[in-house]
>>> print(open('upload-v7.txt').read())   # compact mmCIF, N, CA and C atoms and all ligand atoms
# COMPACT_ATOMS: atom_id res chain seq x y z
N MET F 1445 -15.87 -16.37 -12.10
CA MET F 1445 -15.21 -16.53 -10.80
C MET F 1445 -16.19 -16.19 -9.68
N ASP F 1446 -16.54 -14.92 -9.57
CA ASP F 1446 -17.42 -14.54 -8.47
C ASP F 1446 -18.75 -14.04 -9.04
N ASP F 1447 -19.53 -14.97 -9.58
CA ASP F 1447 -20.80 -14.58 -10.19
C ASP F 1447 -21.97 -15.00 -9.32
N HIS F 1448 -21.67 -15.36 -8.07
CA HIS F 1448 -22.72 -15.79 -7.16
C HIS F 1448 -23.15 -14.61 -6.32
N GLY F 1449 -24.41 -14.60 -5.89
CA GLY F 1449 -24.94 -13.46 -5.18
C GLY F 1449 -24.34 -13.20 -3.82
N THR F 1450 -23.96 -14.26 -3.11
CA THR F 1450 -23.50 -14.11 -1.74
C THR F 1450 -22.02 -13.72 -1.71
N ALA F 1451 -21.65 -12.79 -0.84
CA ALA F 1451 -20.24 -12.44 -0.67
C ALA F 1451 -19.46 -13.68 -0.24
N PRO F 1452 -18.23 -13.85 -0.78
CA PRO F 1452 -17.47 -15.09 -0.52
C PRO F 1452 -17.32 -15.39 0.97
N GLU F 1453 -17.13 -14.36 1.79
CA GLU F 1453 -16.90 -14.61 3.21
C GLU F 1453 -18.16 -15.04 3.95
N GLU F 1454 -19.32 -14.95 3.26
CA GLU F 1454 -20.58 -15.30 3.93
C GLU F 1454 -21.23 -16.55 3.34
N ARG F 1455 -20.58 -17.17 2.37
CA ARG F 1455 -21.18 -18.34 1.73
C ARG F 1455 -21.29 -19.53 2.67
N THR F 1456 -22.38 -20.26 2.53
CA THR F 1456 -22.51 -21.52 3.26
C THR F 1456 -21.79 -22.60 2.46
N GLU F 1457 -21.57 -23.75 3.08
CA GLU F 1457 -20.91 -24.84 2.36
C GLU F 1457 -21.75 -25.27 1.16
N ALA F 1458 -23.07 -25.22 1.28
CA ALA F 1458 -23.93 -25.59 0.15
C ALA F 1458 -23.74 -24.61 -1.01
N GLU F 1459 -23.59 -23.33 -0.69
CA GLU F 1459 -23.35 -22.35 -1.74
C GLU F 1459 -21.98 -22.56 -2.40
N TRP F 1460 -20.98 -22.89 -1.56
CA TRP F 1460 -19.66 -23.18 -2.13
C TRP F 1460 -19.74 -24.34 -3.10
N ARG F 1461 -20.51 -25.36 -2.74
CA ARG F 1461 -20.64 -26.51 -3.62
C ARG F 1461 -21.21 -26.11 -4.98
N SER F 1462 -22.09 -25.13 -4.98
CA SER F 1462 -22.71 -24.74 -6.25
C SER F 1462 -21.82 -23.80 -7.07
N VAL F 1463 -20.90 -23.09 -6.44
CA VAL F 1463 -20.07 -22.15 -7.21
C VAL F 1463 -18.70 -22.73 -7.59
N LEU F 1464 -18.25 -23.75 -6.87
CA LEU F 1464 -16.94 -24.33 -7.16
C LEU F 1464 -17.09 -25.65 -7.91
N GLY F 1465 -16.08 -25.98 -8.73
CA GLY F 1465 -16.02 -27.31 -9.33
C GLY F 1465 -15.68 -28.33 -8.24
N GLU F 1466 -15.81 -29.59 -8.59
CA GLU F 1466 -15.59 -30.66 -7.61
C GLU F 1466 -14.17 -30.64 -7.03
N GLU F 1467 -13.19 -30.46 -7.92
CA GLU F 1467 -11.80 -30.43 -7.49
C GLU F 1467 -11.52 -29.20 -6.62
N GLU F 1468 -12.05 -28.07 -7.04
CA GLU F 1468 -11.86 -26.83 -6.26
C GLU F 1468 -12.49 -26.97 -4.88
N TYR F 1469 -13.68 -27.55 -4.84
CA TYR F 1469 -14.36 -27.72 -3.55
C TYR F 1469 -13.54 -28.61 -2.64
N ASN F 1470 -13.04 -29.70 -3.19
CA ASN F 1470 -12.26 -30.64 -2.40
C ASN F 1470 -11.04 -29.97 -1.76
N ILE F 1471 -10.37 -29.12 -2.52
CA ILE F 1471 -9.14 -28.50 -2.00
C ILE F 1471 -9.47 -27.28 -1.13
N LEU F 1472 -10.27 -26.37 -1.66
CA LEU F 1472 -10.52 -25.12 -0.93
C LEU F 1472 -11.35 -25.33 0.34
N ARG F 1473 -12.36 -26.17 0.27
CA ARG F 1473 -13.29 -26.29 1.40
C ARG F 1473 -13.04 -27.52 2.25
N GLU F 1474 -12.46 -28.57 1.67
CA GLU F 1474 -12.23 -29.80 2.44
C GLU F 1474 -10.75 -30.03 2.70
N ARG F 1475 -9.94 -29.03 2.42
CA ARG F 1475 -8.50 -29.06 2.68
C ARG F 1475 -7.82 -30.25 2.00
N GLY F 1476 -8.18 -30.51 0.79
CA GLY F 1476 -7.54 -31.58 0.02
C GLY F 1476 -6.22 -31.11 -0.57
N THR F 1477 -5.52 -32.04 -1.22
CA THR F 1477 -4.26 -31.74 -1.90
C THR F 1477 -4.29 -32.37 -3.27
N GLU F 1478 -3.94 -31.60 -4.29
CA GLU F 1478 -3.89 -32.16 -5.64
C GLU F 1478 -2.64 -33.03 -5.77
N PRO F 1479 -2.65 -34.03 -6.66
CA PRO F 1479 -1.45 -34.83 -6.87
C PRO F 1479 -0.30 -33.96 -7.34
N SER F 1480 0.93 -34.27 -6.91
CA SER F 1480 2.08 -33.47 -7.34
C SER F 1480 2.23 -33.56 -8.86
N PHE F 1481 2.75 -32.50 -9.44
CA PHE F 1481 2.96 -32.36 -10.89
C PHE F 1481 1.68 -32.45 -11.71
N SER F 1482 0.52 -32.32 -11.06
CA SER F 1482 -0.74 -32.37 -11.80
C SER F 1482 -1.26 -30.97 -12.14
N GLY F 1483 -0.78 -29.96 -11.43
CA GLY F 1483 -1.39 -28.64 -11.56
C GLY F 1483 -0.97 -27.91 -12.82
N ASP F 1484 -1.88 -27.11 -13.35
CA ASP F 1484 -1.55 -26.39 -14.58
C ASP F 1484 -0.89 -25.03 -14.32
N LEU F 1485 -0.60 -24.71 -13.07
CA LEU F 1485 0.09 -23.44 -12.78
C LEU F 1485 1.54 -23.67 -12.36
N LEU F 1486 2.05 -24.88 -12.57
CA LEU F 1486 3.45 -25.15 -12.21
C LEU F 1486 4.40 -24.29 -13.04
N ASP F 1487 4.19 -24.31 -14.34
CA ASP F 1487 5.04 -23.54 -15.24
C ASP F 1487 4.21 -22.48 -15.93
N VAL F 1488 4.21 -21.31 -15.35
CA VAL F 1488 3.42 -20.22 -15.91
C VAL F 1488 4.37 -19.26 -16.61
N GLU F 1489 4.03 -18.94 -17.86
CA GLU F 1489 4.86 -18.01 -18.62
C GLU F 1489 4.39 -16.58 -18.36
N GLY F 1490 5.34 -15.68 -18.29
CA GLY F 1490 5.00 -14.26 -18.18
C GLY F 1490 4.69 -13.83 -16.76
N SER F 1491 4.44 -12.53 -16.60
CA SER F 1491 4.21 -12.00 -15.27
C SER F 1491 2.72 -11.78 -15.03
N GLY F 1492 2.38 -11.76 -13.76
CA GLY F 1492 0.99 -11.56 -13.38
C GLY F 1492 0.82 -11.92 -11.92
N VAL F 1493 -0.43 -11.99 -11.50
CA VAL F 1493 -0.71 -12.34 -10.11
C VAL F 1493 -1.56 -13.61 -10.06
N PHE F 1494 -1.53 -14.24 -8.90
CA PHE F 1494 -2.31 -15.45 -8.68
C PHE F 1494 -3.41 -15.11 -7.68
N ARG F 1495 -4.65 -15.31 -8.13
CA ARG F 1495 -5.81 -14.99 -7.30
C ARG F 1495 -6.40 -16.26 -6.69
N CYS F 1496 -7.11 -16.10 -5.59
CA CYS F 1496 -7.83 -17.20 -4.97
C CYS F 1496 -8.91 -17.69 -5.93
N ALA F 1497 -8.96 -19.01 -6.16
CA ALA F 1497 -9.96 -19.57 -7.07
C ALA F 1497 -11.36 -19.48 -6.47
N GLY F 1498 -11.44 -19.24 -5.17
CA GLY F 1498 -12.74 -19.15 -4.53
C GLY F 1498 -13.33 -17.76 -4.56
N CYS F 1499 -12.47 -16.73 -4.41
CA CYS F 1499 -13.03 -15.38 -4.25
C CYS F 1499 -12.32 -14.30 -5.06
N GLY F 1500 -11.21 -14.62 -5.72
CA GLY F 1500 -10.55 -13.64 -6.57
C GLY F 1500 -9.54 -12.74 -5.88
N THR F 1501 -9.35 -12.90 -4.58
CA THR F 1501 -8.37 -12.08 -3.87
C THR F 1501 -6.95 -12.37 -4.38
N VAL F 1502 -6.14 -11.32 -4.57
CA VAL F 1502 -4.76 -11.51 -4.99
C VAL F 1502 -3.95 -12.09 -3.83
N LEU F 1503 -3.30 -13.23 -4.07
CA LEU F 1503 -2.58 -13.92 -3.00
C LEU F 1503 -1.08 -13.99 -3.27
N PHE F 1504 -0.71 -14.33 -4.49
CA PHE F 1504 0.70 -14.51 -4.82
C PHE F 1504 0.97 -13.84 -6.16
N ASP F 1505 2.28 -13.74 -6.55
CA ASP F 1505 2.59 -13.17 -7.85
C ASP F 1505 3.78 -13.87 -8.47
N SER F 1506 3.93 -13.62 -9.78
CA SER F 1506 4.97 -14.31 -10.54
C SER F 1506 6.37 -13.89 -10.11
N GLU F 1507 6.52 -12.70 -9.54
CA GLU F 1507 7.83 -12.23 -9.12
C GLU F 1507 8.42 -13.07 -7.99
N ARG F 1508 7.55 -13.65 -7.19
CA ARG F 1508 8.01 -14.40 -6.01
C ARG F 1508 7.75 -15.90 -6.14
N LYS F 1509 7.54 -16.33 -7.35
CA LYS F 1509 7.34 -17.76 -7.64
C LYS F 1509 8.70 -18.37 -7.97
N PHE F 1510 8.91 -19.60 -7.55
CA PHE F 1510 10.17 -20.27 -7.90
C PHE F 1510 9.90 -21.76 -8.13
N ASP F 1511 10.86 -22.41 -8.77
CA ASP F 1511 10.71 -23.84 -9.05
C ASP F 1511 11.31 -24.62 -7.90
N SER F 1512 10.47 -25.19 -7.07
CA SER F 1512 10.96 -25.91 -5.89
C SER F 1512 11.24 -27.38 -6.20
N GLY F 1513 10.77 -27.87 -7.35
CA GLY F 1513 10.92 -29.28 -7.69
C GLY F 1513 9.95 -30.18 -6.95
N SER F 1514 9.04 -29.58 -6.17
CA SER F 1514 8.12 -30.37 -5.34
C SER F 1514 6.93 -30.90 -6.14
N GLY F 1515 6.64 -30.25 -7.27
CA GLY F 1515 5.46 -30.64 -8.04
C GLY F 1515 4.24 -29.78 -7.74
N TRP F 1516 4.41 -28.79 -6.86
CA TRP F 1516 3.33 -27.83 -6.60
C TRP F 1516 3.88 -26.42 -6.83
N PRO F 1517 3.03 -25.50 -7.28
CA PRO F 1517 3.47 -24.11 -7.41
C PRO F 1517 4.04 -23.62 -6.07
N SER F 1518 5.21 -22.98 -6.15
CA SER F 1518 5.89 -22.58 -4.93
C SER F 1518 6.27 -21.11 -4.99
N PHE F 1519 6.13 -20.45 -3.86
CA PHE F 1519 6.41 -19.02 -3.76
C PHE F 1519 7.25 -18.79 -2.51
N TYR F 1520 8.20 -17.84 -2.57
CA TYR F 1520 8.97 -17.57 -1.36
C TYR F 1520 8.36 -16.46 -0.51
N ASP F 1521 7.30 -15.84 -1.04
CA ASP F 1521 6.59 -14.85 -0.23
C ASP F 1521 5.20 -14.65 -0.82
N VAL F 1522 4.33 -14.02 -0.04
CA VAL F 1522 2.99 -13.73 -0.51
C VAL F 1522 2.99 -12.36 -1.18
N ALA F 1523 1.96 -12.08 -1.98
CA ALA F 1523 1.87 -10.78 -2.64
C ALA F 1523 1.48 -9.70 -1.63
N GLU F 1524 0.59 -10.06 -0.72
CA GLU F 1524 0.05 -9.08 0.24
C GLU F 1524 -0.25 -9.86 1.53
N ALA F 1525 0.57 -9.61 2.55
CA ALA F 1525 0.49 -10.43 3.77
C ALA F 1525 -0.90 -10.41 4.39
N ASP F 1526 -1.61 -9.30 4.28
CA ASP F 1526 -2.93 -9.20 4.90
C ASP F 1526 -3.97 -10.11 4.25
N ASN F 1527 -3.66 -10.60 3.04
CA ASN F 1527 -4.64 -11.42 2.32
C ASN F 1527 -4.56 -12.90 2.67
N ILE F 1528 -3.60 -13.26 3.52
CA ILE F 1528 -3.33 -14.67 3.83
C ILE F 1528 -3.45 -14.89 5.33
N GLU F 1529 -3.94 -16.07 5.70
CA GLU F 1529 -3.93 -16.46 7.11
C GLU F 1529 -3.25 -17.80 7.24
N THR F 1530 -2.56 -18.01 8.35
CA THR F 1530 -1.91 -19.29 8.58
C THR F 1530 -2.40 -19.89 9.88
N GLU F 1531 -2.31 -21.20 9.95
CA GLU F 1531 -2.85 -21.92 11.10
C GLU F 1531 -2.10 -23.24 11.23
N VAL F 1532 -1.84 -23.68 12.46
CA VAL F 1532 -1.16 -24.97 12.65
C VAL F 1532 -2.10 -26.09 12.23
N ASP F 1533 -1.56 -27.03 11.43
CA ASP F 1533 -2.33 -28.16 10.91
C ASP F 1533 -1.64 -29.44 11.37
N GLU F 1534 -2.30 -30.19 12.24
CA GLU F 1534 -1.67 -31.40 12.77
C GLU F 1534 -2.31 -32.67 12.22
N ARG F 1535 -2.98 -32.56 11.09
CA ARG F 1535 -3.57 -33.75 10.48
C ARG F 1535 -2.46 -34.63 9.88
N HIS F 1536 -2.79 -35.86 9.61
CA HIS F 1536 -1.90 -36.82 8.94
C HIS F 1536 -0.60 -37.05 9.71
N GLY F 1537 -0.64 -36.86 11.04
CA GLY F 1537 0.54 -37.15 11.86
C GLY F 1537 1.71 -36.22 11.64
N MET F 1538 1.45 -35.05 11.07
CA MET F 1538 2.53 -34.08 10.83
C MET F 1538 2.12 -32.75 11.44
N ARG F 1539 3.11 -31.96 11.76
CA ARG F 1539 2.81 -30.61 12.21
C ARG F 1539 3.23 -29.65 11.09
N ARG F 1540 2.24 -29.12 10.41
CA ARG F 1540 2.52 -28.22 9.30
C ARG F 1540 1.78 -26.91 9.53
N ILE F 1541 2.18 -25.90 8.79
CA ILE F 1541 1.49 -24.62 8.85
C ILE F 1541 0.62 -24.50 7.60
N GLU F 1542 -0.68 -24.49 7.84
CA GLU F 1542 -1.62 -24.38 6.74
C GLU F 1542 -1.74 -22.93 6.29
N VAL F 1543 -1.90 -22.73 4.98
CA VAL F 1543 -2.08 -21.40 4.41
C VAL F 1543 -3.52 -21.30 3.90
N ARG F 1544 -4.23 -20.27 4.35
CA ARG F 1544 -5.63 -20.09 3.95
C ARG F 1544 -5.83 -18.69 3.37
N CYS F 1545 -6.84 -18.57 2.52
CA CYS F 1545 -7.21 -17.25 2.00
C CYS F 1545 -7.83 -16.44 3.14
N GLY F 1546 -7.34 -15.23 3.35
CA GLY F 1546 -7.86 -14.40 4.43
C GLY F 1546 -9.26 -13.87 4.17
N THR F 1547 -9.69 -13.90 2.92
CA THR F 1547 -11.02 -13.39 2.59
C THR F 1547 -12.10 -14.47 2.73
N CYS F 1548 -11.92 -15.61 2.04
CA CYS F 1548 -12.98 -16.62 2.03
C CYS F 1548 -12.63 -17.83 2.87
N ASP F 1549 -11.44 -17.83 3.50
CA ASP F 1549 -11.03 -18.91 4.39
C ASP F 1549 -10.76 -20.21 3.63
N GLY F 1550 -10.60 -20.14 2.33
CA GLY F 1550 -10.32 -21.34 1.54
C GLY F 1550 -8.92 -21.88 1.82
N HIS F 1551 -8.79 -23.20 1.84
CA HIS F 1551 -7.49 -23.85 2.03
C HIS F 1551 -6.67 -23.70 0.74
N LEU F 1552 -5.41 -23.27 0.90
CA LEU F 1552 -4.55 -23.07 -0.27
C LEU F 1552 -3.43 -24.08 -0.34
N GLY F 1553 -2.81 -24.37 0.81
CA GLY F 1553 -1.67 -25.27 0.85
C GLY F 1553 -0.98 -25.12 2.20
N HIS F 1554 0.36 -25.26 2.20
CA HIS F 1554 1.13 -25.16 3.43
C HIS F 1554 2.36 -24.30 3.20
N VAL F 1555 2.95 -23.80 4.29
CA VAL F 1555 4.20 -23.05 4.17
C VAL F 1555 5.27 -23.75 5.01
N PHE F 1556 6.46 -23.88 4.40
CA PHE F 1556 7.58 -24.58 5.04
C PHE F 1556 8.76 -23.63 5.16
N ASP F 1557 9.70 -24.01 6.04
CA ASP F 1557 10.86 -23.15 6.30
C ASP F 1557 12.09 -23.53 5.48
N ASP F 1558 11.90 -24.16 4.34
CA ASP F 1558 13.06 -24.58 3.54
C ASP F 1558 13.11 -23.87 2.19
N GLY F 1559 12.58 -22.66 2.14
CA GLY F 1559 12.57 -21.89 0.89
C GLY F 1559 13.85 -21.09 0.71
N PRO F 1560 13.96 -20.44 -0.45
CA PRO F 1560 15.15 -19.64 -0.77
C PRO F 1560 15.13 -18.27 -0.08
N GLU F 1561 16.27 -17.60 -0.12
CA GLU F 1561 16.35 -16.22 0.35
C GLU F 1561 15.49 -15.35 -0.58
N PRO F 1562 15.01 -14.21 -0.12
CA PRO F 1562 15.32 -13.57 1.17
C PRO F 1562 14.44 -14.01 2.35
N THR F 1563 13.42 -14.81 2.14
CA THR F 1563 12.51 -15.12 3.25
C THR F 1563 12.82 -16.46 3.90
N GLY F 1564 13.39 -17.40 3.13
CA GLY F 1564 13.59 -18.76 3.64
C GLY F 1564 12.29 -19.55 3.71
N LYS F 1565 11.22 -18.99 3.17
CA LYS F 1565 9.92 -19.65 3.21
C LYS F 1565 9.62 -20.33 1.87
N ARG F 1566 8.84 -21.40 1.94
CA ARG F 1566 8.33 -22.04 0.73
C ARG F 1566 6.84 -22.25 0.90
N TYR F 1567 6.08 -21.39 0.22
CA TYR F 1567 4.63 -21.54 0.19
C TYR F 1567 4.32 -22.57 -0.89
N CYS F 1568 3.81 -23.72 -0.46
CA CYS F 1568 3.54 -24.85 -1.35
C CYS F 1568 2.03 -24.87 -1.57
N ILE F 1569 1.60 -24.44 -2.75
CA ILE F 1569 0.19 -24.11 -2.97
C ILE F 1569 -0.41 -24.97 -4.08
N ASN F 1570 -1.62 -25.40 -3.90
CA ASN F 1570 -2.32 -26.17 -4.94
C ASN F 1570 -2.68 -25.27 -6.13
N SER F 1571 -2.37 -25.76 -7.34
CA SER F 1571 -2.78 -25.03 -8.55
C SER F 1571 -4.27 -24.80 -8.59
N VAL F 1572 -5.02 -25.80 -8.15
CA VAL F 1572 -6.48 -25.74 -8.21
C VAL F 1572 -7.03 -24.59 -7.36
N ALA F 1573 -6.31 -24.22 -6.31
CA ALA F 1573 -6.77 -23.16 -5.41
C ALA F 1573 -6.50 -21.76 -5.97
N LEU F 1574 -5.76 -21.69 -7.09
CA LEU F 1574 -5.35 -20.40 -7.64
C LEU F 1574 -5.84 -20.21 -9.07
N GLU F 1575 -5.95 -18.95 -9.45
CA GLU F 1575 -6.19 -18.60 -10.85
C GLU F 1575 -5.14 -17.58 -11.24
N PHE F 1576 -4.49 -17.80 -12.38
CA PHE F 1576 -3.46 -16.87 -12.83
C PHE F 1576 -4.11 -15.71 -13.58
N ASP F 1577 -3.70 -14.50 -13.23
CA ASP F 1577 -4.24 -13.29 -13.86
C ASP F 1577 -3.08 -12.49 -14.45
N PRO F 1578 -2.82 -12.67 -15.77
CA PRO F 1578 -1.68 -12.00 -16.41
C PRO F 1578 -1.94 -10.52 -16.66
N GLU F 1579 -3.18 -10.07 -16.43
CA GLU F 1579 -3.54 -8.67 -16.70
C GLU F 1579 -3.12 -7.73 -15.57
N THR F 1580 -2.89 -8.29 -14.38
CA THR F 1580 -2.56 -7.44 -13.24
C THR F 1580 -1.04 -7.44 -13.01
N ASP F 1581 -0.48 -6.26 -12.89
CA ASP F 1581 0.95 -6.10 -12.71
C ASP F 1581 1.36 -6.52 -11.29
N PRO F 1582 2.27 -7.50 -11.16
CA PRO F 1582 2.67 -7.95 -9.82
C PRO F 1582 3.33 -6.84 -9.01
N LEU F 1583 3.89 -5.83 -9.70
CA LEU F 1583 4.57 -4.77 -8.96
C LEU F 1583 3.60 -3.83 -8.26
N ASP F 1584 2.31 -3.99 -8.54
CA ASP F 1584 1.31 -3.19 -7.83
C ASP F 1584 1.06 -3.73 -6.43
N PHE F 1585 1.63 -4.91 -6.14
CA PHE F 1585 1.39 -5.52 -4.82
C PHE F 1585 2.66 -5.61 -4.01
ZN ZN F 1601 -10.46 -16.68 -1.22
>>> encode(input="upload-v7.txt", output="structure tokens")
Amino acid sequence: MDDHGTAPEERTEAEWRSVLGEEEYNILRERGTEPSFSGDLLDVEGSGVFRCAGCGTVLFDSERKFDSGSGWPSFYDVAEADNIETEVDERHGMRRIEVRCGTCDGHLGHVFDDGPEPTGKRYCINSVALEFDPETDPLDF
């Protein structure tokens, strides 16, 4: 994951290209979107946390994951609010709220206001942008 010499927050785009796979680079650095129902983190068994595929920061957890039917991993809240940044995204003729990793600034997905209680939020996140870590207890976050 993080076996490169440069700290994630200081990497140049050329360094990102060398540490990320093609799909990861497209989503995390070029704000791409994986096809719906293509991700391998849609149905994750067991508990754990979801880390940023770019830098390993804990972003989401299995306790707050739900099946939205959208075809992308969905969460009604983040694991640690300080680890996430949001920004208005007006590309593609839509006004959406983009979700980014607060550490490495990688693009993760978008957040919508049609999620379940208690937050009413739906964080719609690319599987490719995340890594599941079953070793870390979600209740620690
Ligand atoms: Zn990151």
>>> atom_distance(input="upload-v7.txt", atom1="atom C of Glu1467 in chain F", atom2="CA of Val1572 in chain F")
6.3 Å
>>> residues_near_point(input="upload-v7.txt", point="(2.2, -24.6, 5.7)", cutoff="6.5 Å", atoms="all atoms listed in the file", output="JSON, numbers by chain")
{"F": [1540, 1541, 1542, 1543, 1553, 1554, 1555, 1556, 1568]}
>>> write_last_selection(input="upload-v7.txt", atoms="N, CA and C atoms", output="PDB file, in the frame of the given file")
ATOM      1  N   ARG F1540       2.240 -29.120  10.410  1.00  0.00           N
ATOM      2  CA  ARG F1540       2.520 -28.220   9.300  1.00  0.00           C
ATOM      3  C   ARG F1540       1.780 -26.910   9.530  1.00  0.00           C
ATOM      4  N   ILE F1541       2.180 -25.900   8.790  1.00  0.00           N
ATOM      5  CA  ILE F1541       1.490 -24.620   8.850  1.00  0.00           C
ATOM      6  C   ILE F1541       0.620 -24.500   7.600  1.00  0.00           C
ATOM      7  N   GLU F1542      -0.680 -24.490   7.840  1.00  0.00           N
ATOM      8  CA  GLU F1542      -1.620 -24.380   6.740  1.00  0.00           C
ATOM      9  C   GLU F1542      -1.740 -22.930   6.290  1.00  0.00           C
ATOM     10  N   VAL F1543      -1.900 -22.730   4.980  1.00  0.00           N
ATOM     11  CA  VAL F1543      -2.080 -21.400   4.410  1.00  0.00           C
ATOM     12  C   VAL F1543      -3.520 -21.300   3.900  1.00  0.00           C
ATOM     13  N   GLY F1553      -2.810 -24.370   0.810  1.00  0.00           N
ATOM     14  CA  GLY F1553      -1.670 -25.270   0.850  1.00  0.00           C
ATOM     15  C   GLY F1553      -0.980 -25.120   2.200  1.00  0.00           C
ATOM     16  N   HIS F1554       0.360 -25.260   2.200  1.00  0.00           N
ATOM     17  CA  HIS F1554       1.130 -25.160   3.430  1.00  0.00           C
ATOM     18  C   HIS F1554       2.360 -24.300   3.200  1.00  0.00           C
ATOM     19  N   VAL F1555       2.950 -23.800   4.290  1.00  0.00           N
ATOM     20  CA  VAL F1555       4.200 -23.050   4.170  1.00  0.00           C
ATOM     21  C   VAL F1555       5.270 -23.750   5.010  1.00  0.00           C
ATOM     22  N   PHE F1556       6.460 -23.880   4.400  1.00  0.00           N
ATOM     23  CA  PHE F1556       7.580 -24.580   5.040  1.00  0.00           C
ATOM     24  C   PHE F1556       8.760 -23.630   5.160  1.00  0.00           C
ATOM     25  N   CYS F1568       3.810 -23.720  -0.460  1.00  0.00           N
ATOM     26  CA  CYS F1568       3.540 -24.850  -1.350  1.00  0.00           C
ATOM     27  C   CYS F1568       2.030 -24.870  -1.570  1.00  0.00           C
TER      28      CYS F1568
END
>>> select_by_dssp(input="upload-v7.txt", residues="chain F", states="helix (DSSP H, G or I)", output="ChimeraX atom specification")
/F:1452-1454,1457-1463,1466-1472,1506-1508,1525-1527,1535-1537,1571-1573,1582-1584
>>> residues_near_ligand(input="upload-v7.txt", ligand="ligand ZN 1601 (chain F)", cutoff="6 Å", atoms="only N, CA and C atoms and all ligand atoms", output="list in words")
Cys1496, Ala1497, Gly1498, Cys1499, Gly1500, Thr1501, Cys1545, Gly1546, Thr1547, Cys1548, Asp1549 and Gly1550 of chain F
>>> atom_distance(input="upload-v7.txt", atom1="atom C of Gly1449 in chain F", atom2="atom C of Arg1461 in chain F")
13.3 Å
>>> closest_residue(input="upload-v7.txt", among="F:Arg1455, F:Arg1473, F:Arg1495, F:Lys1509", to="Pro1560 in chain F", atoms="only C-alpha atoms")
F:Lys1509
>>> residues_around(input="upload-v7.txt", residues="Asp1581 in chain F", least_positions_apart="3", cutoff="12 Å", atoms="only C-alpha atoms", output="PyMOL selection string")
chain F and resi 1490-1494+1502+1504-1507+1523+1576-1578+1584-1585
>>> write_last_selection(input="upload-v7.txt", atoms="N, CA and C atoms", output="compact mmCIF listing (two decimals), keeping the file's coordinate frame")
# COMPACT_ATOMS: atom_id res chain seq x y z
N GLY F 1490 5.34 -15.68 -18.29
CA GLY F 1490 5.00 -14.26 -18.18
C GLY F 1490 4.69 -13.83 -16.76
N SER F 1491 4.44 -12.53 -16.60
CA SER F 1491 4.21 -12.00 -15.27
C SER F 1491 2.72 -11.78 -15.03
N GLY F 1492 2.38 -11.76 -13.76
CA GLY F 1492 0.99 -11.56 -13.38
C GLY F 1492 0.82 -11.92 -11.92
N VAL F 1493 -0.43 -11.99 -11.50
CA VAL F 1493 -0.71 -12.34 -10.11
C VAL F 1493 -1.56 -13.61 -10.06
N PHE F 1494 -1.53 -14.24 -8.90
CA PHE F 1494 -2.31 -15.45 -8.68
C PHE F 1494 -3.41 -15.11 -7.68
N VAL F 1502 -6.14 -11.32 -4.57
CA VAL F 1502 -4.76 -11.51 -4.99
C VAL F 1502 -3.95 -12.09 -3.83
N PHE F 1504 -0.71 -14.33 -4.49
CA PHE F 1504 0.70 -14.51 -4.82
C PHE F 1504 0.97 -13.84 -6.16
N ASP F 1505 2.28 -13.74 -6.55
CA ASP F 1505 2.59 -13.17 -7.85
C ASP F 1505 3.78 -13.87 -8.47
N SER F 1506 3.93 -13.62 -9.78
CA SER F 1506 4.97 -14.31 -10.54
C SER F 1506 6.37 -13.89 -10.11
N GLU F 1507 6.52 -12.70 -9.54
CA GLU F 1507 7.83 -12.23 -9.12
C GLU F 1507 8.42 -13.07 -7.99
N ALA F 1523 1.96 -12.08 -1.98
CA ALA F 1523 1.87 -10.78 -2.64
C ALA F 1523 1.48 -9.70 -1.63
N PHE F 1576 -4.49 -17.80 -12.38
CA PHE F 1576 -3.46 -16.87 -12.83
C PHE F 1576 -4.11 -15.71 -13.58
N ASP F 1577 -3.70 -14.50 -13.23
CA ASP F 1577 -4.24 -13.29 -13.86
C ASP F 1577 -3.08 -12.49 -14.45
N PRO F 1578 -2.82 -12.67 -15.77
CA PRO F 1578 -1.68 -12.00 -16.41
C PRO F 1578 -1.94 -10.52 -16.66
N ASP F 1584 2.31 -3.99 -8.54
CA ASP F 1584 1.31 -3.19 -7.83
C ASP F 1584 1.06 -3.73 -6.43
N PHE F 1585 1.63 -4.91 -6.14
CA PHE F 1585 1.39 -5.52 -4.82
C PHE F 1585 2.66 -5.61 -4.01
>>> select_by_dssp(input="upload-v7.txt", residues="chain F", states="strand (DSSP E)", output="PyMOL selection string")
chain F and resi 1493-1496+1502-1505+1509-1510+1518-1519+1528-1533+1540-1545+1551-1556+1566-1569+1574-1577
>>> atom_distance(input="upload-v7.txt", atom1="CA of Thr1477 in chain F", atom2="CA of His1536 in chain F")
12.2 Å
>>> axis_aligned_box(input="upload-v7.txt", around="range 1529-1548 of chain F", padding_each_side="8 Å", output="AutoDock Vina command-line options")
--center_x -4.9 --center_y -25.3 --center_z 7.4 --size_x 32.2 --size_y 39.8 --size_z 26.8
>>> residues_around(input="upload-v7.txt", residues="Ser1571 in chain F", least_positions_apart="2", cutoff="6 Å", atoms="all atoms listed in the file", output="number ranges by chain")
F: 1483-1485, 1517, 1569, 1573-1574
>>> write_last_selection(input="upload-v7.txt", atoms="N, CA and C atoms", output="short mmCIF file (atom, residue, chain, number, x, y, z; two decimals), in the frame of the given file")
data_model
loop_
_atom_site.label_atom_id
_atom_site.label_comp_id
_atom_site.auth_asym_id
_atom_site.auth_seq_id
_atom_site.Cartn_x
_atom_site.Cartn_y
_atom_site.Cartn_z
N GLY F 1483 -0.78 -29.96 -11.43
CA GLY F 1483 -1.39 -28.64 -11.56
C GLY F 1483 -0.97 -27.91 -12.82
N ASP F 1484 -1.88 -27.11 -13.35
CA ASP F 1484 -1.55 -26.39 -14.58
C ASP F 1484 -0.89 -25.03 -14.32
N LEU F 1485 -0.60 -24.71 -13.07
CA LEU F 1485 0.09 -23.44 -12.78
C LEU F 1485 1.54 -23.67 -12.36
N PRO F 1517 3.03 -25.50 -7.28
CA PRO F 1517 3.47 -24.11 -7.41
C PRO F 1517 4.04 -23.62 -6.07
N ILE F 1569 1.60 -24.44 -2.75
CA ILE F 1569 0.19 -24.11 -2.97
C ILE F 1569 -0.41 -24.97 -4.08
N ALA F 1573 -6.31 -24.22 -6.31
CA ALA F 1573 -6.77 -23.16 -5.41
C ALA F 1573 -6.50 -21.76 -5.97
N LEU F 1574 -5.76 -21.69 -7.09
CA LEU F 1574 -5.35 -20.40 -7.64
C LEU F 1574 -5.84 -20.21 -9.07
#
